[in-house]
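Working notes, beginning with the structure itself.
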Amino acid sequence: LMFSLLVAGVTLVVASAQTPDPQNPVATPQATQQTTVSKCGECHPDFQNAWYTGAHGHASSDPVFTDAWTSQGKPGACLVCHVTGYDPATATWQQDGVSCEACHGPVPADHPNQPMPVYRTADLCGRCHSDTRFGWTEWKVSAHYQRDMTCTVCHDPHSASLKTIEGKFGQDMDASGLCLNCHKDYSMQFPYSIHSQKGIKCVDCHLRHLGDTST
């Protein structure tokens, strides 16, 4: 009888601990993620590796985010962008980080016969990258945006970093190589400029937000 009462008491404590707190749903055990194991990596290992080691893959675990999120009381609004499939009603989500489905949408039932949807518009990125630290305001009024250049022209969506191009001698150039790849007139003149001679590159002035490592 005593053993039965002990088991019943433990069960009651566990059940109480798992009951969501409507005043602070994110802080309760019920608010842990609902894991969705991605199978994309079985066919796309390079993309998955780039994602896993990049900012999108660590969007919910990066110390800068977790410290700021915790200091603010873990508001659910932050998780709309930092996890995939966040449900504010239950404070649960499908997967940590910005996973494949966050940008591609749900996997079609007949995939791979039916390809995954690909959303290439800059506005998709702008749903989360609208803060001033990402230069979104400047981007919206830029010539690139007006000419319908999407973010993925220069940014790798899987690694969430700027793309690189191969230089004359086979080595990867930095992001400035992307600028010179299209701006041919400047590519001819820039090497002779005082900026170039001082080691100043395109991204040092034109992509100022890249230098802010705290965000």
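The chains in the structure tokens are called A, B, ... from first to last as shown; in each chain the residues are counted from 1, and the ligands are counted from 1 in the order shown.
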
Closest contacts (range 61-132 of chain A/range 136-160 of chain A, max 12 Å, only C-alpha atoms) as JSON lines:
```
{"residue": "A:Gly97", "atom": "CA", "partner": "A:His158", "partner_atom": "CA", "distance": 11.8}
{"residue": "A:Val98", "atom": "CA", "partner": "A:His158", "partner_atom": "CA", "distance": 9.5}
{"residue": "A:Ser99", "atom": "CA", "partner": "A:His158", "partner_atom": "CA", "distance": 9.0}
{"residue": "A:Cys100", "atom": "CA", "partner": "A:His158", "partner_atom": "CA", "distance": 8.5}
{"residue": "A:Glu101", "atom": "CA", "partner": "A:His158", "partner_atom": "CA", "distance": 11.9}
{"residue": "A:Ala102", "atom": "CA", "partner": "A:Pro157", "partner_atom": "CA", "distance": 11.3}
{"residue": "A:Cys103", "atom": "CA", "partner": "A:Pro157", "partner_atom": "CA", "distance": 9.0}
{"residue": "A:His104", "atom": "CA", "partner": "A:Pro157", "partner_atom": "CA", "distance": 10.8}
{"residue": "A:Val118", "atom": "CA", "partner": "A:Pro157", "partner_atom": "CA", "distance": 11.1}
{"residue": "A:Tyr119", "atom": "CA", "partner": "A:Thr152", "partner_atom": "CA", "distance": 10.2}
{"residue": "A:Arg120", "atom": "CA", "partner": "A:Thr150", "partner_atom": "CA", "distance": 6.6}
{"residue": "A:Thr121", "atom": "CA", "partner": "A:Thr150", "partner_atom": "CA", "distance": 5.8}
{"residue": "A:Ala122", "atom": "CA", "partner": "A:Thr150", "partner_atom": "CA", "distance": 5.0}
{"residue": "A:Asp123", "atom": "CA", "partner": "A:Thr150", "partner_atom": "CA", "distance": 8.7}
{"residue": "A:Leu124", "atom": "CA", "partner": "A:Cys151", "partner_atom": "CA", "distance": 9.4}
{"residue": "A:Cys125", "atom": "CA", "partner": "A:Cys151", "partner_atom": "CA", "distance": 7.5}
{"residue": "A:Gly126", "atom": "CA", "partner": "A:Trp136", "partner_atom": "CA", "distance": 7.1}
{"residue": "A:Arg127", "atom": "CA", "partner": "A:Trp136", "partner_atom": "CA", "distance": 10.2}
{"residue": "A:Cys128", "atom": "CA", "partner": "A:Trp136", "partner_atom": "CA", "distance": 9.9}
{"residue": "A:His129", "atom": "CA", "partner": "A:Trp136", "partner_atom": "CA", "distance": 6.7}
{"residue": "A:Ser130", "atom": "CA", "partner": "A:Trp136", "partner_atom": "CA", "distance": 5.3}
{"residue": "A:Asp131", "atom": "CA", "partner": "A:Trp136", "partner_atom": "CA", "distance": 6.6}
{"residue": "A:Thr132", "atom": "CA", "partner": "A:Trp136", "partner_atom": "CA", "distance": 6.1}
```

**Message:** as an MDAnalysis selection string, please: every residue in range 47-190 of chain A that DSSP puts in strand (DSSP E or B).
**Reply:** chainID A and resid 83:84 87 92 95:96 155:156 161:162 166 172

**Selection: 6 Å around range 57-61 of chain A, only C-alpha atoms, excl. self and same-chain fewer than 2 positions, as an MDAnalysis selection string** = chainID A and resid 51:52 54:55 82 97:98

**Message:** Could you tell me how far CA of Leu162 in chain A sits from CA of Ser196 in chain A, in Å to one decimal place?
**Reply:** 20.7 Å
